[in-house]
Structure formats: structure tokens, C-alpha cells
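**Student:** Just passing along the structure, written as C-alpha cells.
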Amino acid sequence: MKKLSMIAVAVAALAFTACGGKKSAEPVEETTKSFEQEQVEASIKLHIDSLASALGELKQLPIVQDGEDGIKLTDEEKQVKPDYLLDPAIAENATTLAEKYRVLSALTVDKKIASMYDMPTDEFDKAINKLAADVNDPSFKVLDNATDVYETSQALYDAMNENGRINFFWQLVATSLVEQLYVISQNSDKFLSSFDDDAASNITFRIVLLTDAVARLAEYDEEIVPVAKAIEPLMVLNAISVDQLKAQVAEAKEEIDAARNALLK
């Protein structure tokens, strides 16, 4: 992964090209370029931090919340088990570090849904623990366990920032949101029943924040390019009420399916 610290290298390359490939022998000019590069890097980093801060202030969507704000199923509803959850064996197909983070994020969401239906989760636990061991991210220590990876708190962002894994934070967040949208699209009547208008508009805001962040990072990290391309079509979701969100999710079902496939293929 190319970290934000690599932005300076990219800027330097652009400056070199713009000058026709001529090298300057004047130390003063080199010092000035270095300062400009630092300013560009700092500006982008500040913007990314701001987006993460805004994201961290949002409540989790009801689909993964516990307690009164979460979604509750009746005993009768639990009898009809979902057939759209990922097979935990998908963890074996993830090869790159980026893929492992994305699959890990999606499986934590699906385990949550499986638990909601009182389905066995042992296989999910095995796959999640394997992927968590594979990525070996010390940032997860701020979470209770790896099955809470869908958490998008400021604490997790700060930890991943400190450990040089900022870009992977956005991989986690994007995949988690897409998987939640995918699940919602399978049974919107039930899964949107615990949403209020604030939660509906929350989805829109999350997509805006994600699109902005990954678009900037995609210029320097090839592994996040698929994320940027996958979530861009989801900008059609711009609901400010539950009714609007329900209608828009139905209309965007193909886009949501495509986004999920792009992130988890």
C-alpha cells in the first residue's frame, strides 16, 4: 500500500515532468519544492482526517446496532433464514491485504445478521479470526474483538492512522456500508423498520464522505481504486427520509449488487 507519505513522491514526479525533466542545481529551489510538497501532503491528510471525524460522529446504522435502536425479529421471522449471506469460505479466496480487509469487514456484518436470525456463527468466527490474524492489524486492539470491525469510530481511525493503515480503514468502512445496503435491499420492509429519517439521511452522508475520501486516496493507492469505482454509482442514494430510502434502495438494487461483487469478487 502506498501511504499518504508517498504523496510527496507523486508531487515531486509531477513537478519534475512539468519542468521538462530538468534538474535544478540550486539548493534554495529544492528547499522550496520540499516545503510545497509538505503543504500538499498536510492539506490532503487534514481533509482525510476531517472526513473520518465526521464519519466517526455518526451513529451505527440500526442493522448492526444492539439494544433498542437495533432491528428486532419475531420468532416467526427467524424461521425464514436468509440465503443471501456470504459463505464464510470466501475468506480462502482473499489473497491481497486489501481483499482480506474487505472480506473481513463484510463477514462481520453477515455474522451480525446470522446472529439476528439465531443461525450458527462458528464458521463466521473461524473465517473472521483467520482474516484478522492474516492482516495482523494492531489497530483492532481498540475494538472488543475482530467481529466488531464494522465499527467506524474515531478510535479505530486514529489507531489505523498511527499504524500507517489509513487507506485500509476506508476499505473496511466502504465494504461494511455496501454489505449493509445489500442486506437491506434483500428485505427492506423489515430492515428499514427500525430506521428513522435521521438514519436514512445518515446513509447518504456516509456515501458522500466515503466517495470523497477514496477518490482522493485512489490517486496514490492502486488497491483502493476498486473501492472508488464500486461505491461511486451509489451516489444515487440521496434520501432524507425512510420512505425515500426504501424507494431508492429498490431502484438501485442492481448498483448495490454490482458494488458488492466488485468489492468481494
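Naming scheme: A, B, ... for chains in displayed order of the C-alpha cells; residues 1 onward per chain; ligands 1 onward as shown.
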When you look at Gln79 (chain A) with a cut-off of 10 Å (counting only C-alpha atoms), what residues show up, excluding the ones that are within fewer than 4 positions of it in the same chain? I need them as a PyMOL selection string.

**Tutor:** chain A and resi 73-75+117-119

**Student:** Can you list, as a list in words, every protein, DNA or RNA residue that comes within 10 Å of Met116 (chain A) when you count only C-alpha atoms, leaving out same-chain residues fewer than 3 positions away?

**Tutor:**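 Those residues are Ile63, Val64, Asp66, Ile71, Lys72, Leu73, Lys78, Lys81, Asp110, Lys111, Lys112, Ile113 and Met119 of chain A.
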
**Student:** Got time to write the residues from that selection, all heavy atoms, as a compact mmCIF listing (two decimals), in the first residue's frame?

**Tutor:**
# COMPACT_ATOMS: atom_id res chain seq x y z
N ILE A 63 -29.09 -1.64 11.43
CA ILE A 63 -28.89 -3.03 11.02
C ILE A 63 -27.77 -3.72 11.79
O ILE A 63 -27.71 -4.94 11.88
CB ILE A 63 -28.63 -3.10 9.49
CG1 ILE A 63 -28.81 -4.52 8.99
CG2 ILE A 63 -27.27 -2.56 9.13
CD1 ILE A 63 -28.84 -4.65 7.50
N VAL A 64 -26.85 -2.94 12.38
CA VAL A 64 -25.78 -3.55 13.17
C VAL A 64 -25.78 -3.07 14.62
O VAL A 64 -24.88 -3.39 15.38
CB VAL A 64 -24.39 -3.26 12.55
CG1 VAL A 64 -24.22 -3.99 11.23
CG2 VAL A 64 -24.15 -1.77 12.37
N ASP A 66 -27.11 -2.85 18.53
CA ASP A 66 -27.74 -3.70 19.54
C ASP A 66 -28.74 -2.86 20.33
O ASP A 66 -28.78 -1.63 20.23
CB ASP A 66 -26.68 -4.26 20.49
CG ASP A 66 -25.74 -5.22 19.79
OD1 ASP A 66 -26.23 -6.07 19.01
OD2 ASP A 66 -24.51 -5.12 20.01
N ILE A 71 -32.42 -3.71 15.11
CA ILE A 71 -33.55 -4.37 14.46
C ILE A 71 -33.91 -5.62 15.24
O ILE A 71 -33.03 -6.40 15.64
CB ILE A 71 -33.21 -4.73 13.01
CG1 ILE A 71 -33.00 -3.45 12.21
CG2 ILE A 71 -34.30 -5.58 12.36
CD1 ILE A 71 -32.45 -3.67 10.82
N LYS A 72 -35.18 -5.83 15.46
CA LYS A 72 -35.66 -6.98 16.23
C LYS A 72 -36.52 -7.86 15.34
O LYS A 72 -37.37 -7.37 14.60
CB LYS A 72 -36.45 -6.51 17.45
CG LYS A 72 -35.65 -5.63 18.39
CD LYS A 72 -36.53 -5.06 19.47
CE LYS A 72 -35.73 -4.09 20.34
NZ LYS A 72 -35.19 -2.94 19.57
N LEU A 73 -36.27 -9.15 15.41
CA LEU A 73 -37.04 -10.11 14.63
C LEU A 73 -37.95 -10.91 15.56
O LEU A 73 -37.57 -11.24 16.69
CB LEU A 73 -36.11 -11.07 13.89
CG LEU A 73 -35.14 -10.47 12.87
CD1 LEU A 73 -34.26 -11.56 12.29
CD2 LEU A 73 -35.89 -9.75 11.76
N LYS A 78 -37.69 -15.30 12.38
CA LYS A 78 -36.42 -16.01 12.50
C LYS A 78 -36.47 -17.39 11.85
O LYS A 78 -35.43 -17.99 11.58
CB LYS A 78 -36.03 -16.16 13.97
CG LYS A 78 -35.65 -14.85 14.64
CD LYS A 78 -35.30 -15.08 16.10
CE LYS A 78 -34.93 -13.77 16.79
NZ LYS A 78 -34.59 -13.97 18.22
N LYS A 81 -34.72 -18.30 7.31
CA LYS A 81 -33.30 -17.93 7.35
C LYS A 81 -32.86 -17.26 6.03
O LYS A 81 -33.29 -17.67 4.94
CB LYS A 81 -32.43 -19.17 7.59
CG LYS A 81 -32.86 -20.02 8.79
CD LYS A 81 -32.79 -19.24 10.09
CE LYS A 81 -33.12 -20.15 11.28
NZ LYS A 81 -33.18 -19.40 12.56
N ASP A 110 -22.21 -9.84 8.09
CA ASP A 110 -23.06 -11.01 7.86
C ASP A 110 -23.17 -11.88 9.12
O ASP A 110 -24.21 -12.50 9.36
CB ASP A 110 -22.50 -11.84 6.70
CG ASP A 110 -22.85 -11.24 5.35
OD1 ASP A 110 -23.34 -10.09 5.33
OD2 ASP A 110 -22.62 -11.89 4.33
N LYS A 111 -22.13 -11.91 9.92
CA LYS A 111 -22.23 -12.64 11.19
C LYS A 111 -23.28 -11.99 12.07
O LYS A 111 -24.05 -12.68 12.76
CB LYS A 111 -20.89 -12.67 11.91
CG LYS A 111 -20.98 -13.44 13.22
CD LYS A 111 -19.84 -13.21 14.17
CE LYS A 111 -20.16 -13.86 15.51
NZ LYS A 111 -19.11 -13.63 16.52
N LYS A 112 -23.32 -10.67 12.05
CA LYS A 112 -24.31 -9.94 12.83
C LYS A 112 -25.72 -10.33 12.40
O LYS A 112 -26.61 -10.55 13.23
CB LYS A 112 -24.09 -8.44 12.64
CG LYS A 112 -24.91 -7.56 13.56
CD LYS A 112 -24.32 -7.54 14.95
CE LYS A 112 -25.04 -6.55 15.85
NZ LYS A 112 -24.49 -6.54 17.21
N ILE A 113 -25.94 -10.42 11.10
CA ILE A 113 -27.25 -10.78 10.58
C ILE A 113 -27.58 -12.23 10.93
O ILE A 113 -28.71 -12.56 11.31
CB ILE A 113 -27.32 -10.58 9.06
CG1 ILE A 113 -26.92 -9.13 8.69
CG2 ILE A 113 -28.71 -10.90 8.53
CD1 ILE A 113 -27.75 -8.08 9.38
N MET A 119 -28.84 -18.08 13.79
CA MET A 119 -28.14 -19.06 12.96
C MET A 119 -26.77 -19.36 13.58
O MET A 119 -26.21 -18.52 14.30
CB MET A 119 -27.94 -18.51 11.54
CG MET A 119 -29.23 -18.25 10.79
SD MET A 119 -28.96 -17.32 9.23
CE MET A 119 -27.90 -18.47 8.33

**Student:** What's the 7 Å shell around region 146-154 of chain A, counting only C-alpha atoms, without same-chain residues fewer than 4 positions away, as a ChimeraX atom specification?

**Tutor:** /A:52-53,56,105,108-109,128-129,132,140,158,172-173,176

**Student:** Those same residues - N, CA and C atoms - I'd like them written as a compact mmCIF listing (two decimals), in the first residue's frame.

**Tutor:**
# COMPACT_ATOMS: atom_id res chain seq x y z
N ALA A 52 -12.96 11.52 8.27
CA ALA A 52 -13.04 10.43 9.25
C ALA A 52 -13.70 10.89 10.53
N SER A 53 -13.41 12.11 10.94
CA SER A 53 -14.02 12.67 12.14
C SER A 53 -15.53 12.78 11.98
N GLY A 56 -17.00 9.33 12.12
CA GLY A 56 -16.97 8.79 13.48
C GLY A 56 -18.06 9.34 14.38
N SER A 105 -14.44 -7.30 6.68
CA SER A 105 -15.48 -6.33 7.00
C SER A 105 -16.86 -6.87 6.65
N THR A 108 -18.08 -9.65 9.03
CA THR A 108 -18.50 -9.21 10.35
C THR A 108 -19.95 -8.71 10.31
N VAL A 109 -20.33 -8.09 9.19
CA VAL A 109 -21.72 -7.66 9.03
C VAL A 109 -22.62 -8.88 8.91
N ILE A 128 -13.43 -15.06 10.28
CA ILE A 128 -13.09 -13.72 10.75
C ILE A 128 -11.77 -13.74 11.52
N ASN A 129 -11.60 -14.71 12.39
CA ASN A 129 -10.37 -14.81 13.18
C ASN A 129 -9.16 -15.08 12.29
N ALA A 132 -8.38 -11.82 10.48
CA ALA A 132 -7.81 -10.87 11.43
C ALA A 132 -6.35 -11.21 11.71
N PHE A 140 -6.78 -3.10 15.75
CA PHE A 140 -8.01 -3.76 16.21
C PHE A 140 -8.07 -3.89 17.72
N ASP A 158 -8.05 6.58 14.37
CA ASP A 158 -6.82 7.09 14.98
C ASP A 158 -5.77 5.99 15.11
N LEU A 172 -12.37 -0.90 4.89
CA LEU A 172 -13.28 -1.51 5.87
C LEU A 172 -14.64 -0.82 5.86
N VAL A 173 -14.61 0.50 5.93
CA VAL A 173 -15.85 1.28 6.03
C VAL A 173 -16.70 1.11 4.77
N SER A 176 -18.19 -2.43 4.59
CA SER A 176 -19.23 -2.58 5.61
C SER A 176 -20.53 -1.92 5.18

**Student:** Using DSSP assignments from the backbone, pull out every residue in region 55-253 of chain A that falls under helix (DSSP H, G or I) and give it to me as a ChimeraX atom specification.

**Tutor:** /A:55-56,62-64,67-69,75-78,88-93,97-116,122-135,138-142,146-148,154-162,166-186,188-191,197-217,222-236,242-251,253

**Student:** Can you work out the spacing between CA of Gln180 (chain A) and CA of Phe124 (chain A) in Å, to one decimal?

**Tutor:**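 Atom-to-atom, CA of Gln180 (chain A) and CA of Phe124 (chain A) are spaced 16.4 Å apart.
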
**Student:** Can you pull out the residues contacting Leu234 (chain A)? Cut-off 8 Å, using only C-alpha atoms, and skip same-chain residues under 6 positions away; I want them as an MDAnalysis selection string.

**Tutor:** chainID A and resid 207 252 255:256

**Student:** Could you write those residues out with N, CA and C atoms, as a PDB file, in the first residue's frame?

**Tutor:**
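After the write, part20.pdb holds the following:
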ATOM      1  N   ILE A 207     -22.098   7.858   2.300  1.00  0.00           N
ATOM      2  CA  ILE A 207     -21.659   7.652   0.927  1.00  0.00           C
ATOM      3  C   ILE A 207     -20.869   8.856   0.429  1.00  0.00           C
ATOM      4  N   ALA A 252     -32.041   1.083  -6.887  1.00  0.00           N
ATOM      5  CA  ALA A 252     -30.582   0.929  -7.015  1.00  0.00           C
ATOM      6  C   ALA A 252     -30.107  -0.483  -6.697  1.00  0.00           C
ATOM      7  N   GLU A 255     -27.199  -1.652  -8.764  1.00  0.00           N
ATOM      8  CA  GLU A 255     -25.966  -0.938  -8.429  1.00  0.00           C
ATOM      9  C   GLU A 255     -25.362  -1.466  -7.124  1.00  0.00           C
ATOM     10  N   ILE A 256     -26.231  -1.759  -6.160  1.00  0.00           N
ATOM     11  CA  ILE A 256     -25.757  -2.283  -4.877  1.00  0.00           C
ATOM     12  C   ILE A 256     -25.153  -3.666  -5.075  1.00  0.00           C
TER      13      ILE A 256
END

**Student:** Give me the residues near Leu97 (chain A) as an MDAnalysis selection string, where near means some atom within 9 Å (using only C-alpha atoms) and where sequence neighbours in that chain fewer than 5 positions away do not count.

**Tutor:** chainID A and resid 1 102 134:135 168

**Student:** If you keep C-alpha atoms, can you produce a file of those selected residues as an mmCIF file, in the first residue's frame?

**Tutor:**
data_model
loop_
_atom_site.group_PDB
_atom_site.id
_atom_site.type_symbol
_atom_site.label_atom_id
_atom_site.label_comp_id
_atom_site.auth_asym_id
_atom_site.auth_seq_id
_atom_site.Cartn_x
_atom_site.Cartn_y
_atom_site.Cartn_z
ATOM 1 C CA MET A 1 0.000 0.000 0.000
ATOM 2 C CA ARG A 102 -12.731 -6.112 2.647
ATOM 3 C CA ASP A 134 -3.690 -12.579 8.355
ATOM 4 C CA VAL A 135 -3.926 -8.785 8.302
ATOM 5 C CA PHE A 168 -7.372 0.184 4.846
#

**Student:** If you count only C-alpha atoms, which residues fall within 10 Å of Phe205 (chain A), apart from same-chain ones fewer than 2 positions away, as a list in words?

**Tutor:** Ala54, Leu55, Leu58, Ala199, Ala200, Ser201, Asn202, Ile203, Ile207, Val208, Leu209, Leu210, Thr211, Met235, Leu237, Asn238, Ala239 and Ile240 of chain A

**Student:** Between A:Asn163, A:Asn93, A:Thr204, A:Thr121, which is the closest to Pro138 (chain A) once you count only C-alpha atoms?

**Tutor:**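 Residue with the minimum atom-to-atom distance to Pro138 (chain A): A:Asn163.
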
**Student:** Ranking A:Tyr157, A:Tyr182, A:Phe169, A:Phe195 by minimum distance to Glu68 (chain A) and counting only C-alpha atoms, which one comes first?

**Tutor:**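 Residue with the minimum atom-to-atom distance to Glu68 (chain A): A:Phe195.
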
**Student:** For each of A:Leu192, A:Leu104, A:Ala114, A:Val142, take the minimum atom-to-atom distance to Ser241 (chain A), counting only C-alpha atoms, then give the residue where this is smallest.

**Tutor:**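 Looking at the shortest contact to Ser241 (chain A), the residue is A:Leu192.
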